[in-house]
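K.L.:
Have a look at this one.
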Amino acid sequence: MGFPVSYSIFDLLKTKYRGHVLVKDLLKYHKKQVKMLAYLISRKHVPIKKRGHPGQKDNMYFGTWIDAYGQYFDTAHFPDSLRQFPFKDVSITSRKPYPQEYEIGLPRQKMI
């Protein structure tokens, strides 16, 4: 299958370390930088217009993660931080980004 069924992915680690901050503690660290041990479940690539460079694109990702106690959390990864800290591996699920309006030749309707 490629992933454990009767164990947590964290049980396969050679260390007992599970991170200093867990999902249940995140509100205590609002607007602070923290280090967490988590497993990337899914990421979604979102091409965006490059600021200050018309016609050029940049990359952004949204990620869904799980901590050692089975709690999920989501993250947003902006272009500057992705250049500094790129994803090193693929997640359990990934898919191509949604097509842009110009790629499919159909205007997108704005939600009201």
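By order of appearance in the structure tokens: chains A, B, ..., then residues from 1 within every chain, and ligands from 1 in the order shown.
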Please list as a PyMOL selection string every residue within 12 Å of Tyr7 in chain A, counting only C-alpha atoms and excluding residues in the same chain fewer than 6 positions away.

P.N.:
chain A and resi 13+68+70

K.L.:
Just list as a ChimeraX atom specification whatever in range 11-106 of chain A DSSP marks as alpha helix (DSSP H).

P.N.:
/A:79-84,101-104

K.L.:
Given only C-alpha atoms as the basis, pick out the residue of A:Ile9, A:Ala38, A:Pro47, A:Glu103 nearest to Pro79 in chain A.

P.N.:
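Residue with the minimum atom-to-atom distance to Pro79 in chain A: A:Pro47.
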
K.L.:
Contacts of Tyr39 in chain A at 10 Å or less, counting only C-alpha atoms, minus same-chain residues fewer than 4 places along, as a PyMOL selection string?

P.N.:
chain A and resi 9-10+64-68+70+72+91-92

K.L.:
Taking only C-alpha atoms into account, which of A:Gln33, A:Thr75, A:Ser8, A:Thr15 comes nearest Met60 in chain A?

P.N.:
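Of A:Gln33, A:Thr75, A:Ser8, A:Thr15, the one nearest Met60 in chain A is A:Thr75, counting only C-alpha atoms.
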
K.L.:
How many Å separate CA of Ser81 in chain A from CA of Lys16 in chain A?

P.N.:
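Computing the Euclidean distance for CA of Ser81 in chain A and CA of Lys16 in chain A yields 28.6 Å.
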
K.L.:
Mind giving me the straight-line distance from CA of Asp25 in chain A to CA of Lys44 in chain A in Å, one decimal?

P.N.:
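Taking CA of Asp25 in chain A as the start and CA of Lys44 in chain A as the end point, the length is 25.1 Å.
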
K.L.:
Hey, can you check how far CA of Leu26 in chain A sits from CA of Phe85 in chain A?

P.N.:
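We find that CA of Leu26 in chain A and CA of Phe85 in chain A lie 20.8 Å from each other.
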
K.L.:
Which is closest to Arg18 in chain A among A:Leu37, A:Gln56, A:Phe73, A:Lys88, if we use only C-alpha atoms?

P.N.:
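Residue with the minimum atom-to-atom distance to Arg18 in chain A: A:Leu37.
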
K.L.:
Could you check the closest approach to Phe87 in chain A for each of A:Leu22, A:Val34, A:Val46, A:Leu40 and tell me which residue wins, using only C-alpha atoms?

P.N.:
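Comparing A:Leu22, A:Val34, A:Val46, A:Leu40 against Phe87 in chain A, the winner is A:Leu40.
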